[in-house]
Every structure is written in structure tokens, then in C-alpha cells.
>>> print(open('start16.csv').read())   # CSV, C-alpha atoms and all ligand atoms
chain,number,residue,atom,x,y,z
A,9,MET,CA,9.5,15.0,-18.6
A,10,LEU,CA,6.4,16.9,-19.7
A,11,ARG,CA,5.9,20.3,-18.1
A,12,SER,CA,2.4,19.3,-16.9
A,13,GLN,CA,4.0,16.2,-15.1
A,14,THR,CA,6.5,18.4,-13.4
A,15,LYS,CA,3.7,20.8,-12.3
A,16,LEU,CA,1.7,17.9,-10.9
A,17,MET,CA,4.7,16.6,-8.9
A,18,ASP,CA,5.4,20.1,-7.5
A,19,LEU,CA,1.8,20.3,-6.4
A,20,GLY,CA,2.0,16.9,-4.7
A,21,ARG,CA,5.2,18.1,-3.0
A,22,ARG,CA,3.5,21.3,-1.9
A,23,LEU,CA,0.4,19.6,-0.5
A,24,CYS,CA,2.0,18.3,2.7
A,25,ARG,CA,4.9,20.0,4.5
A,26,SER,CA,6.6,18.2,7.3
A,27,ILE,CA,7.4,20.3,10.3
A,28,GLY,CA,9.7,19.2,13.1
A,29,ASN,CA,9.0,19.6,16.7
A,30,ASN,CA,12.5,20.9,17.6
A,31,ASN,CA,13.7,17.8,19.3
A,32,GLY,CA,14.7,15.9,16.1
A,33,SER,CA,13.0,12.6,17.2
A,34,ASN,CA,10.7,10.7,14.9
A,35,LEU,CA,8.5,9.4,17.7
A,36,THR,CA,5.8,11.6,16.3
A,37,MET,CA,5.6,13.2,12.9
A,38,VAL,CA,3.7,16.3,11.9
A,39,GLU,CA,2.7,17.2,8.4
A,40,VAL,CA,0.7,20.2,7.5
A,41,ASP,CA,-1.6,20.2,4.4
A,42,ASP,CA,-0.8,23.4,2.6
A,43,LYS,CA,-4.2,23.6,1.1
A,44,THR,CA,-6.4,23.1,4.2
A,45,GLY,CA,-3.9,24.2,6.9
A,46,ILE,CA,-4.7,21.0,8.9
A,47,ALA,CA,-1.9,19.2,10.7
A,48,THR,CA,-1.7,15.4,10.8
A,49,LEU,CA,0.1,14.3,13.9
A,50,THR,CA,1.3,10.7,13.5
A,51,LEU,CA,2.3,8.4,16.4
A,52,ASN,CA,5.4,6.6,15.3
A,53,LYS,CA,6.9,4.5,18.0
A,54,PRO,CA,7.2,0.9,16.9
A,55,PRO,CA,6.1,-1.7,17.5
A,56,VAL,CA,2.7,-0.6,19.0
A,57,ASN,CA,2.9,3.1,20.0
A,58,SER,CA,3.1,2.3,23.7
A,59,CYS,CA,3.5,5.7,25.5
A,60,ASN,CA,6.8,5.9,27.2
A,61,LEU,CA,8.3,9.1,28.7
A,62,GLU,CA,10.0,10.1,25.4
A,63,LEU,CA,6.8,9.6,23.3
A,64,LEU,CA,4.7,11.6,25.8
A,65,LEU,CA,7.2,14.5,25.8
A,66,ASP,CA,7.4,14.4,22.0
A,67,LEU,CA,3.7,14.2,21.6
A,68,ASN,CA,3.2,17.2,23.9
A,69,GLU,CA,5.8,19.2,22.0
A,70,SER,CA,4.1,18.4,18.7
A,71,ILE,CA,0.7,19.4,19.9
A,72,LYS,CA,2.2,22.8,21.1
A,73,GLN,CA,4.0,23.2,17.8
A,74,ILE,CA,0.8,22.7,15.9
A,75,GLU,CA,-0.9,25.4,17.9
A,76,ARG,CA,2.1,27.7,17.5
A,77,ASN,CA,2.4,27.4,13.7
A,78,GLY,CA,-1.2,28.4,13.3
A,79,SER,CA,-2.6,25.1,11.9
A,80,ARG,CA,-6.4,25.1,11.4
A,81,GLY,CA,-6.8,21.7,13.1
A,82,LEU,CA,-5.1,18.6,14.3
A,83,ILE,CA,-5.7,15.0,13.2
A,84,LEU,CA,-4.1,12.3,15.4
A,85,THR,CA,-3.3,9.0,13.8
A,86,SER,CA,-0.7,6.2,13.8
A,87,SER,CA,2.0,5.0,11.4
A,88,ASN,CA,1.2,1.4,12.4
A,89,ASP,CA,-1.8,0.0,10.4
A,90,LYS,CA,-2.9,-2.3,13.2
A,91,VAL,CA,-2.3,-0.3,16.4
A,92,PHE,CA,-3.3,3.3,17.0
A,93,SER,CA,-1.8,3.0,20.5
A,94,SER,CA,-1.4,0.2,23.0
A,95,GLY,CA,-1.6,2.7,25.9
A,96,LEU,CA,1.0,3.4,28.5
A,97,ASP,CA,4.3,1.6,28.1
A,98,LEU,CA,4.0,-0.8,31.0
A,99,ASN,CA,7.7,-1.0,31.4
A,100,GLU,CA,7.6,2.6,32.7
A,101,LEU,CA,5.4,1.4,35.6
A,102,HIS,CA,7.2,-1.8,36.4
A,103,GLN,CA,9.9,-1.5,39.2
A,104,PRO,CA,10.4,2.1,38.2
A,105,ASN,CA,13.2,4.4,38.9
A,106,GLN,CA,11.4,7.0,41.0
A,107,ASP,CA,12.8,10.1,39.2
A,108,ARG,CA,11.9,8.7,35.8
A,109,LEU,CA,8.4,7.7,37.1
A,110,ILE,CA,7.8,11.2,38.3
A,111,ALA,CA,8.9,12.7,35.0
A,112,PHE,CA,6.8,10.1,33.1
A,113,TRP,CA,3.6,10.7,35.1
A,114,ARG,CA,4.1,14.5,34.8
A,115,ALA,CA,4.5,14.1,31.1
A,116,LEU,CA,1.3,12.1,30.9
A,117,GLN,CA,-0.7,14.6,32.8
A,118,ASP,CA,0.7,17.5,30.8
A,119,MET,CA,0.2,15.8,27.4
A,120,TRP,CA,-3.4,15.0,28.3
A,121,LEU,CA,-4.1,18.6,29.3
A,122,SER,CA,-2.5,19.9,26.1
A,123,LEU,CA,-4.6,17.6,23.8
A,124,PHE,CA,-7.8,17.9,25.8
A,125,LEU,CA,-7.6,21.7,25.9
A,126,SER,CA,-6.0,22.2,22.5
A,127,ARG,CA,-7.1,25.6,21.0
A,128,VAL,CA,-7.4,24.0,17.5
A,129,PRO,CA,-10.2,21.5,16.5
A,130,THR,CA,-8.9,18.0,17.1
A,131,ALA,CA,-10.0,14.7,15.6
A,132,ALA,CA,-8.6,11.1,15.8
A,133,ALA,CA,-8.3,8.9,12.8
A,134,ILE,CA,-8.1,5.6,14.7
A,135,ASN,CA,-6.5,3.2,12.3
A,136,GLY,CA,-5.9,0.4,14.8
A,137,HIS,CA,-6.5,-0.8,18.3
A,138,ALA,CA,-6.8,2.0,20.8
A,139,ILE,CA,-6.2,0.4,24.2
A,140,ALA,CA,-6.4,2.2,27.6
A,141,VAL,CA,-4.4,5.4,27.3
A,142,GLY,CA,-4.6,4.8,23.5
A,143,CYS,CA,-8.4,5.2,24.0
A,144,VAL,CA,-7.7,8.2,26.2
A,145,LEU,CA,-5.8,9.9,23.4
A,146,ALA,CA,-8.7,9.4,21.1
A,147,THR,CA,-11.3,10.6,23.6
A,148,ALA,CA,-9.3,13.7,24.3
A,149,CYS,CA,-10.0,14.7,20.7
A,150,GLU,CA,-13.3,16.3,19.7
A,151,TYR,CA,-14.1,13.7,17.0
A,152,ARG,CA,-13.3,10.1,16.4
A,153,VAL,CA,-13.3,8.1,13.1
A,154,MET,CA,-12.3,4.5,13.3
A,155,LEU,CA,-11.5,1.6,11.0
A,156,PRO,CA,-13.3,-1.7,11.4
A,157,GLY,CA,-11.7,-4.8,12.9
A,158,PHE,CA,-10.1,-3.1,15.9
A,159,SER,CA,-10.9,-2.6,19.6
A,160,ILE,CA,-11.2,0.6,21.6
A,161,GLY,CA,-11.6,1.0,25.4
A,162,ILE,CA,-10.1,1.1,28.9
A,163,HIS,CA,-9.8,-2.4,30.3
A,164,ALA,CA,-7.6,-1.4,33.3
A,165,THR,CA,-9.9,-3.0,36.0
A,166,LYS,CA,-9.5,-6.4,34.4
A,167,PHE,CA,-5.8,-6.3,35.3
A,168,GLY,CA,-6.3,-4.8,38.8
A,169,TYR,CA,-5.5,-1.2,37.8
A,170,VAL,CA,-7.5,1.6,39.3
A,171,VAL,CA,-7.9,4.4,36.8
A,172,PRO,CA,-6.8,7.9,37.8
A,173,PRO,CA,-9.5,10.7,37.7
A,174,PHE,CA,-8.3,12.2,34.4
A,175,ILE,CA,-8.7,8.9,32.6
A,176,LEU,CA,-12.1,8.6,34.1
A,177,ILE,CA,-13.0,12.0,32.8
A,178,SER,CA,-11.8,11.3,29.3
A,179,TYR,CA,-14.5,8.6,29.2
A,180,LEU,CA,-17.1,10.7,30.9
A,181,SER,CA,-16.5,13.5,28.4
A,182,VAL,CA,-17.8,11.4,25.6
A,183,LEU,CA,-20.0,8.7,27.1
A,184,PRO,CA,-23.1,8.9,29.3
A,185,ARG,CA,-22.2,8.2,32.9
A,186,TYR,CA,-23.9,4.9,33.2
A,187,ILE,CA,-22.3,3.5,30.1
A,188,ALA,CA,-18.8,4.9,31.1
A,189,GLU,CA,-19.2,3.4,34.6
A,190,ARG,CA,-20.3,0.0,33.4
A,191,ALA,CA,-17.6,-0.2,30.7
A,192,LEU,CA,-14.9,0.8,33.2
A,193,LEU,CA,-16.1,-1.6,35.8
A,194,GLN,CA,-16.3,-4.4,33.3
A,195,GLY,CA,-12.9,-3.5,31.8
A,196,LYS,CA,-14.7,-3.5,28.4
A,197,LEU,CA,-13.0,-3.2,25.1
A,198,PHE,CA,-15.6,-2.1,22.4
A,199,SER,CA,-15.8,-3.5,18.9
A,200,ILE,CA,-16.4,-0.9,16.3
A,201,ASP,CA,-20.2,-1.6,16.2
A,202,GLU,CA,-20.4,-1.3,19.9
A,203,ALA,CA,-18.3,1.8,20.0
A,204,LEU,CA,-20.5,3.4,17.3
A,205,HIS,CA,-23.7,2.4,19.1
A,206,VAL,CA,-22.7,4.2,22.3
A,207,ASN,CA,-21.0,7.2,20.4
A,208,LEU,CA,-17.6,6.4,21.7
A,209,ILE,CA,-16.7,6.9,18.1
A,210,ASP,CA,-18.5,9.2,15.6
A,211,GLU,CA,-17.9,7.6,12.3
A,212,VAL,CA,-16.6,4.4,10.6
A,213,ALA,CA,-14.1,4.7,7.8
A,214,ASP,CA,-13.1,2.1,5.2
A,215,GLY,CA,-9.4,3.0,5.3
A,216,LYS,CA,-6.9,5.4,6.8
A,217,SER,CA,-7.2,8.0,4.0
A,218,ASP,CA,-11.0,7.9,4.3
A,219,ALA,CA,-10.6,8.4,8.0
A,220,ILE,CA,-8.3,11.4,7.5
A,221,ILE,CA,-10.8,12.9,5.0
A,222,LYS,CA,-13.7,12.4,7.4
A,223,CYS,CA,-11.6,14.0,10.2
A,224,ALA,CA,-10.7,16.9,7.9
A,225,LYS,CA,-14.3,17.4,7.1
A,226,PHE,CA,-15.2,17.6,10.8
A,227,ILE,CA,-12.4,20.2,11.3
A,228,GLY,CA,-13.7,22.1,8.2
A,229,SER,CA,-17.1,22.4,9.9
A,230,PHE,CA,-15.5,25.2,12.1
A,231,ALA,CA,-14.4,27.2,9.1
A,232,LYS,CA,-16.9,30.0,9.7
A,233,THR,CA,-16.2,30.3,13.5
A,234,GLN,CA,-13.8,32.8,14.9
A,235,PRO,CA,-10.8,30.8,16.2
A,236,ASP,CA,-10.3,32.6,19.5
A,237,ALA,CA,-14.0,32.5,20.4
A,238,ARG,CA,-14.1,28.8,19.5
A,239,ALA,CA,-11.0,28.1,21.6
A,240,LEU,CA,-12.2,30.0,24.6
A,241,THR,CA,-15.7,28.4,24.4
A,242,LYS,CA,-14.1,24.9,24.2
A,243,ARG,CA,-11.9,25.7,27.3
A,244,GLN,CA,-15.0,26.9,29.2
A,245,THR,CA,-16.9,23.8,28.2
A,246,ARG,CA,-14.1,21.6,29.4
A,247,ALA,CA,-13.1,23.7,32.5
A,248,GLN,CA,-14.7,21.5,35.1
A,249,ASP,CA,-13.2,18.3,33.6
A,250,VAL,CA,-9.7,19.6,34.1
A,251,GLN,CA,-10.1,21.4,37.4
A,252,LEU,CA,-8.6,18.7,39.6
A,253,LEU,CA,-5.5,18.3,37.4
A,254,ILE,CA,-4.9,22.0,36.9
A,255,LYS,CA,-5.5,22.9,40.6
A,256,ASP,CA,-3.5,20.1,42.1
A,257,PRO,CA,-1.2,18.4,39.5
A,258,GLU,CA,1.3,17.4,42.2
A,259,GLY,CA,-1.4,15.9,44.4
A,260,GLN,CA,-2.7,13.9,41.5
A,261,LEU,CA,0.9,12.8,40.7
A,262,ARG,CA,1.5,11.8,44.4
A,263,GLU,CA,-1.7,9.7,44.5
A,264,SER,CA,-0.8,7.9,41.3
A,265,LEU,CA,2.8,7.3,42.4
A,266,GLU,CA,1.7,5.9,45.7
A,267,TYR,CA,-0.6,3.4,44.0
A,268,ILE,CA,2.0,2.4,41.3
A,269,ASN,CA,4.5,1.7,44.0
A,270,THR,CA,2.3,-0.7,46.0
A,271,PRO,CA,3.4,-4.4,46.1
A,272,PHE,CA,-0.2,-5.2,45.0
A,273,PHE,CA,0.1,-3.1,41.8
A,274,GLN,CA,3.7,-4.3,41.0
A,275,GLN,CA,2.8,-8.0,41.4
A,276,GLY,CA,-0.2,-7.7,39.2
A,277,LEU,CA,1.8,-5.8,36.6
A,278,GLU,CA,4.5,-8.5,36.6
A,279,VAL,CA,2.0,-11.2,35.8
A,280,TYR,CA,0.4,-9.1,33.1
A,281,LEU,CA,3.7,-8.2,31.5
A,282,ALA,CA,4.8,-11.9,31.5
A,283,LYS,CA,1.5,-12.8,29.8
A,284,LEU,CA,1.9,-10.1,27.2
A,285,LYS,CA,5.4,-11.3,26.4
A,286,SER,CA,4.4,-15.0,26.1
A,287,LYS,CA,1.5,-14.1,23.9
A,288,SER,CA,3.7,-12.2,21.5
A,289,LYS,CA,6.0,-15.2,21.2
A,290,GLU,CA,3.1,-17.6,20.3
Y,1,LIG,C1,-6.0,6.5,42.7
Y,1,LIG,C2,-5.0,6.8,41.6
Y,1,LIG,C3,-4.7,5.6,40.8
Y,1,LIG,C4,-3.6,5.8,39.9
Y,1,LIG,C5,-3.2,4.6,39.2
Y,1,LIG,C6,-2.2,4.8,38.3
Y,1,LIG,C7,-1.6,3.5,37.6
Y,1,LIG,C8,-2.6,2.7,36.8
Y,1,LIG,C9,-2.7,3.1,35.4
Y,1,LIG,C10,-4.0,2.6,34.9
Y,1,LIG,C11,-4.4,3.1,33.6
Y,1,LIG,C12,-3.7,2.3,32.6
Y,1,LIG,C13,-3.4,2.8,31.4
Y,1,LIG,C14,-2.7,2.1,30.3
Y,1,LIG,O1,-2.6,2.5,29.2
Y,1,LIG,S1,-1.9,0.6,30.7
Y,1,LIG,C15,-1.5,-0.1,29.2
Y,1,LIG,C16,-2.6,-1.0,28.8
Y,1,LIG,N1,-2.3,-1.6,27.5
Y,1,LIG,C17,-2.4,-2.9,27.2
Y,1,LIG,O2,-2.8,-3.6,28.0
Y,1,LIG,C18,-2.2,-3.3,25.8
Y,1,LIG,C19,-1.4,-4.6,25.7
Y,1,LIG,N2,-1.1,-4.9,24.4
Y,1,LIG,C20,-1.9,-5.6,23.5
Y,1,LIG,O3,-3.0,-5.9,23.8
Y,1,LIG,C21,-1.4,-5.9,22.2
Y,1,LIG,O4,0.0,-5.6,22.2
Y,1,LIG,C22,-2.0,-5.1,21.0
Y,1,LIG,C23,-3.4,-5.5,20.8
Y,1,LIG,C24,-2.0,-3.5,21.3
Y,1,LIG,C25,-1.2,-5.3,19.7
Y,1,LIG,O5,-1.1,-6.7,19.5
Y,1,LIG,P1,0.0,-7.2,18.5
Y,1,LIG,O6,-0.2,-8.7,18.3
Y,1,LIG,O7,0.1,-6.4,17.2
Y,1,LIG,O8,1.4,-6.9,19.2
Y,1,LIG,P2,2.1,-7.7,20.4
Y,1,LIG,O9,1.1,-8.0,21.4
Y,1,LIG,O10,2.9,-8.8,19.8
Y,1,LIG,O11,3.1,-6.6,21.0
Y,1,LIG,C26,4.3,-6.3,20.4
Y,1,LIG,C27,5.4,-6.0,21.5
Y,1,LIG,O12,4.9,-4.8,22.2
Y,1,LIG,C28,4.8,-5.2,23.6
Y,1,LIG,N3,3.7,-4.3,24.2
Y,1,LIG,C29,2.5,-4.3,23.7
Y,1,LIG,N4,1.8,-3.4,24.4
Y,1,LIG,C30,2.6,-2.9,25.4
Y,1,LIG,C31,2.5,-1.9,26.4
Y,1,LIG,N5,1.3,-1.3,26.7
Y,1,LIG,N6,3.5,-1.7,27.2
Y,1,LIG,C32,4.7,-2.3,26.9
Y,1,LIG,N7,4.9,-3.2,26.0
Y,1,LIG,C33,3.9,-3.5,25.2
Y,1,LIG,C34,4.6,-6.6,23.6
Y,1,LIG,O13,4.9,-7.2,24.8
Y,1,LIG,C35,5.5,-7.1,22.5
Y,1,LIG,O14,6.8,-7.0,23.0
Y,1,LIG,P3,7.9,-8.1,22.6
Y,1,LIG,O15,7.9,-8.1,21.1
Y,1,LIG,O16,9.2,-7.6,23.2
Y,1,LIG,O17,7.5,-9.4,23.2
>>> encode(input="start16.csv", output="C-alpha cells")
Amino acid sequence: MLRSQTKLMDLGRRLCRSIGNNNGSNLTMVEVDDKTGIATLTLNKPPVNSCNLELLLDLNESIKQIERNGSRGLILTSSNDKVFSSGLDLNELHQPNQDRLIAFWRALQDMWLSLFLSRVPTAAAINGHAIAVGCVLATACEYRVMLPGFSIGIHATKFGYVVPPFILISYLSVLPRYIAERALLQGKLFSIDEALHVNLIDEVADGKSDAIIKCAKFIGSFAKTQPDARALTKRQTRAQDVQLLIKDPEGQLRESLEYINTPFFQQGLEVYLAKLKSKSKE
């Protein structure tokens, strides 16, 4: 092999370094680009990145790991080329074991706070459908780039789910109130053109690598800012949004659990899950 070829291969190997998140699972993967210092955090729970307890814990650990290792930014994406995330794993909510449900909802609240308040610049390369909490993951980031042909939004009310305040806030942090309210009440899923029109997403990309490049460019726009000043300013800007969850996480947990355990919610969920299963068998 030519020396120049070996050099190129070494460079390729050096460009992205995988870092673990200490728990040895592959539910999320983190790779840091050695050149830019930007970490790509990939959701990797087949088939559709539905967020169960393990994925939420793993995601939270990876976000913290990225902050600890001094990465310059975080790009959230998916290993599935059709689905960014299908939202909460509905099996976690259906006839739940109460201890697991408590752990699950705590993990959801904690993960959202970690991502929403992350010290580093965050961007989502949305390379597939981003449904309900899938959309919440994207809106917790500071910037969104999406590929055409997919849907994004929170359609909970269509299926009889009330949305908890932090999910509401993740919409209100990127959309004007009247648009957020209307979309939530309609249970609307946005096409890419609609999402771009209301600024639910910032840019359209023509492929995953293009989306990652655009996200990296956004993160690069903070190169001349002082990281601590940026992080503190972000925290202050978002302080009101997180007040409820930070001041009273257990109260928020209790309210959600009470609602999830109602026969009304459980019956509706049963019908929805059956529909989802029969659709996937068509
Ligand atoms: C006052 C306080 C109130 C508190 C209230 C708290 C409780 C309410 C919570 C309200 C907020 C809700 C948030 C959520 O995130 S709920 C999740 C909503 N998500 C969905 O509805 C997505 C459903 N899925 C789809 O539409 C499609 O799967 C998708 C477009 C994402 C992909 O389609 P595709 O054709 O590629 O894949 P399949 O549909 O064949 O799915 C493959 C298998 O995966 C299963 N699946 C899909 N999504 C989920 C899910 N979210 N949870 C669990 N399982 C899911 C699907 O059934 C298939 O399974 P099988 O292969 O086994 O049949």
C-alpha cells in the first residue's frame, strides 16, 4: 500500500472517535469529530427509536458525557433513515408496573432538562419522522435541520392524550403561541414545507450528511463566543421555561402518573396500540 494511502486512512480514522457513555449499551452512540470537536449523538434503538426507560437513561448519560468531555457542540440524529424518533414507547404507559413507570417518567423529565439546558450548542439533524416526544427532542435543541418526506409534530390530542407542561413548553419555545396552540389542539403533524413556514425547523437538507454539515455550521457560529458566558446566557434565557419542572419535579411526576393511570387513558391507549400493531402488519 502506498504511504499516501495509509496516511489518508489514518486521517479518516482520526476524524471521528467513538466515546462510550459508561453503560456499555448501544441505544445511543456518540462520536466526536476530532477536527471540529463536535459530538454526534445517534439514537439507535430499532425499529423506530421509541423512547423506553433504557433509551431515556442512556440518552441522558450521553448528553452529560458530551458536556463532560468538553465537546464544542452536540448534533442529535438517528441511525434509522426513516424515523428520527417515534416518541415515547407506548408500551411503557400501557398497564404499567408502577415502580417502572415512576422511573420512566423521572428519566423523561431529567433527559428533557439535560438536553434543553445543555451547556453546549445543540442541533438536531432530523433524518426521519419526529413524532410527539420525537419532536420534543428536536425542539429541545437550539437548531433543527430536516430531510424532506417526513413529518414532525405533536399529535397527542388526536388520541386523547393531554400533553404535560414541559411538552407544551418545548413547542412554545420555538413557535409563536397561537401557532403552537392551534397545532396542539389539532394534533397536527407538519410536513417539511409547513414546518419550515412556521419555523418549527430552521433548514431543509438533501441528505443526512448535508444535515450534519448544516448543524455543524450552526454550532460553528458560536466559535467566537466564550463557552461559559454562552452557557449561562442560554440558561437564563430558558430559566422560565424550566421553572415548574425544576421547582417541583415530583409534583409534575405525580400529575402525569395520575393521568396515565386513569381508565380513560388506558382504554384509549389500548385502542391506539392495537391500531399501530395492525397497521404494521398490513
Ligand atoms: C396533566 C398532565 C398530563 C400528563 C399526561 C402524560 C401522558 C400522556 C403523554 C402525552 C404525550 C405523548 C408523547 C408521546 O411521545 S406518545 C408516542 C406517540 N408516537 C406515535 O404515536 C408514533 C406511532 N408510530 C408511527 O406513527 C410509526 O411507527 C412511524 C411513522 C414512527 C414509523 O412507521 P414505520 O412504518 O416505519 O414503522 P411501524 O409503524 O411498522 O412500527 C414498527 C414497530 O414499532 C412499533 N411502534 C412504533 N411506534 C411506537 C411507539 N411510539 N411505541 C411503541 N411501539 C411503537 C410498531 O407498533 C411496530 O411494532 P411491531 O413491529 O411489533 O408491530
>>> closest_residue(input="start16.csv", among="A:Arg114, A:Arg246, A:Arg108, A:Lys53", to="Ser181 (chain A)", atoms="all atoms listed in the file")
A:Arg246
>>> closest_residue(input="start16.csv", among="A:Val141, A:Ile220, A:Thr245, A:Ile162", to="Leu193 (chain A)", atoms="all atoms listed in the file")
A:Ile162
>>> residues_near_ligand(input="start16.csv", ligand="ligand LIG 1 (chain Y)", cutoff="7 Å", atoms="all atoms listed in the file", output="mmCIF file with C-alpha atoms, in the coordinates of the input")
data_model
loop_
_atom_site.group_PDB
_atom_site.id
_atom_site.type_symbol
_atom_site.label_atom_id
_atom_site.label_comp_id
_atom_site.auth_asym_id
_atom_site.auth_seq_id
_atom_site.Cartn_x
_atom_site.Cartn_y
_atom_site.Cartn_z
ATOM 1 C CA PRO A 55 6.100 -1.700 17.500
ATOM 2 C CA VAL A 56 2.700 -0.600 19.000
ATOM 3 C CA SER A 58 3.100 2.300 23.700
ATOM 4 C CA LYS A 90 -2.900 -2.300 13.200
ATOM 5 C CA VAL A 91 -2.300 -0.300 16.400
ATOM 6 C CA SER A 93 -1.800 3.000 20.500
ATOM 7 C CA SER A 94 -1.400 0.200 23.000
ATOM 8 C CA GLY A 95 -1.600 2.700 25.900
ATOM 9 C CA LEU A 96 1.000 3.400 28.500
ATOM 10 C CA ASP A 97 4.300 1.600 28.100
ATOM 11 C CA LEU A 98 4.000 -0.800 31.000
ATOM 12 C CA ASN A 99 7.700 -1.000 31.400
ATOM 13 C CA HIS A 137 -6.500 -0.800 18.300
ATOM 14 C CA ILE A 139 -6.200 0.400 24.200
ATOM 15 C CA ALA A 140 -6.400 2.200 27.600
ATOM 16 C CA VAL A 141 -4.400 5.400 27.300
ATOM 17 C CA GLY A 142 -4.600 4.800 23.500
ATOM 18 C CA ALA A 164 -7.600 -1.400 33.300
ATOM 19 C CA TYR A 169 -5.500 -1.200 37.800
ATOM 20 C CA VAL A 170 -7.500 1.600 39.300
ATOM 21 C CA VAL A 171 -7.900 4.400 36.800
ATOM 22 C CA PRO A 172 -6.800 7.900 37.800
ATOM 23 C CA GLU A 263 -1.700 9.700 44.500
ATOM 24 C CA SER A 264 -0.800 7.900 41.300
ATOM 25 C CA LEU A 265 2.800 7.300 42.400
ATOM 26 C CA TYR A 267 -0.600 3.400 44.000
ATOM 27 C CA ILE A 268 2.000 2.400 41.300
ATOM 28 C CA LEU A 281 3.700 -8.200 31.500
ATOM 29 C CA LEU A 284 1.900 -10.100 27.200
ATOM 30 C CA LYS A 285 5.400 -11.300 26.400
ATOM 31 C CA LYS A 287 1.500 -14.100 23.900
ATOM 32 C CA SER A 288 3.700 -12.200 21.500
ATOM 33 C CA LYS A 289 6.000 -15.200 21.200
#
>>> closest_residue(input="start16.csv", among="A:Thr233, A:Asn105, A:Asn34, A:Thr241", to="Ser126 (chain A)", atoms="only C-alpha atoms")
A:Thr241
>>> closest_residue(input="start16.csv", among="A:Ser87, A:Thr44, A:Thr50, A:Gln194", to="Lys225 (chain A)", atoms="all atoms listed in the file")
A:Thr44
>>> axis_aligned_box(input="start16.csv", around="region 251-269 of chain A", padding_each_side="3 Å", output="AutoDock Vina command-line options")
--center_x -2.8 --center_y 12.3 --center_z 41.3 --size_x 20.6 --size_y 27.2 --size_z 14.8
>>> atom_distance(input="start16.csv", atom1="CA of Ile200 (chain A)", atom2="CA of Pro156 (chain A)")
5.9 Å
>>> residues_around(input="start16.csv", residues="Thr147 (chain A)", least_positions_apart="5", cutoff="8 Å", atoms="all atoms listed in the file", output="VMD selection string")
chain A and resid 152 178 to 179 181 to 182 208
>>> atom_distance(input="start16.csv", atom1="CA of Leu240 (chain A)", atom2="CA of Asp66 (chain A)")
25.2 Å
>>> closest_residue(input="start16.csv", among="A:Ile160, A:Gly276, A:Leu82, A:Leu125", to="Gln244 (chain A)", atoms="all atoms listed in the file")
A:Leu125
>>> atom_distance(input="start16.csv", atom1="CA of Gly168 (chain A)", atom2="CA of Ala133 (chain A)")
29.5 Å
>>> closest_residue(input="start16.csv", among="A:Ser159, A:Ser217, A:Ser33, A:Gln117", to="Ile83 (chain A)", atoms="all atoms listed in the file")
A:Ser217
>>> residues_around(input="start16.csv", residues="Ala131 (chain A)", least_positions_apart="4", cutoff="10 Å", atoms="all atoms listed in the file", output="list in words")
Thr48, Gly81, Leu82, Ile83, Leu84, Thr85, Ala146, Thr147, Ala148, Cys149, Glu150, Tyr151, Arg152, Val153, Ala219, Ile220, Lys222, Cys223, Ala224, Lys225, Phe226 and Ile227 of chain A
>>> write_last_selection(input="start16.csv", atoms="C-alpha atoms", output="CSV table (one decimal), in the coordinates of the input")
chain,number,residue,atom,x,y,z
A,48,THR,CA,-1.7,15.4,10.8
A,81,GLY,CA,-6.8,21.7,13.1
A,82,LEU,CA,-5.1,18.6,14.3
A,83,ILE,CA,-5.7,15.0,13.2
A,84,LEU,CA,-4.1,12.3,15.4
A,85,THR,CA,-3.3,9.0,13.8
A,146,ALA,CA,-8.7,9.4,21.1
A,147,THR,CA,-11.3,10.6,23.6
A,148,ALA,CA,-9.3,13.7,24.3
A,149,CYS,CA,-10.0,14.7,20.7
A,150,GLU,CA,-13.3,16.3,19.7
A,151,TYR,CA,-14.1,13.7,17.0
A,152,ARG,CA,-13.3,10.1,16.4
A,153,VAL,CA,-13.3,8.1,13.1
A,219,ALA,CA,-10.6,8.4,8.0
A,220,ILE,CA,-8.3,11.4,7.5
A,222,LYS,CA,-13.7,12.4,7.4
A,223,CYS,CA,-11.6,14.0,10.2
A,224,ALA,CA,-10.7,16.9,7.9
A,225,LYS,CA,-14.3,17.4,7.1
A,226,PHE,CA,-15.2,17.6,10.8
A,227,ILE,CA,-12.4,20.2,11.3
>>> residues_near_point(input="start16.csv", point="(-11.6, 31.1, 17.2)", cutoff="12 Å", atoms="all atoms listed in the file", output="list in words")
Gly78, Arg80, Gly81, Ser126, Arg127, Val128, Pro129, Phe230, Ala231, Lys232, Thr233, Gln234, Pro235, Asp236, Ala237, Arg238, Ala239, Leu240, Thr241, Lys242 and Arg243 of chain A
>>> residues_near_point(input="start16.csv", point="(2.4, 11.0, 35.0)", cutoff="10 Å", atoms="all atoms listed in the file", output="list in words")
Leu61, Leu64, Arg108, Leu109, Ile110, Ala111, Phe112, Trp113, Arg114, Ala115, Leu116, Gln117, Asp118, Met119, Trp120, Pro257, Glu258, Gln260, Leu261, Arg262, Ser264 and Leu265 of chain A
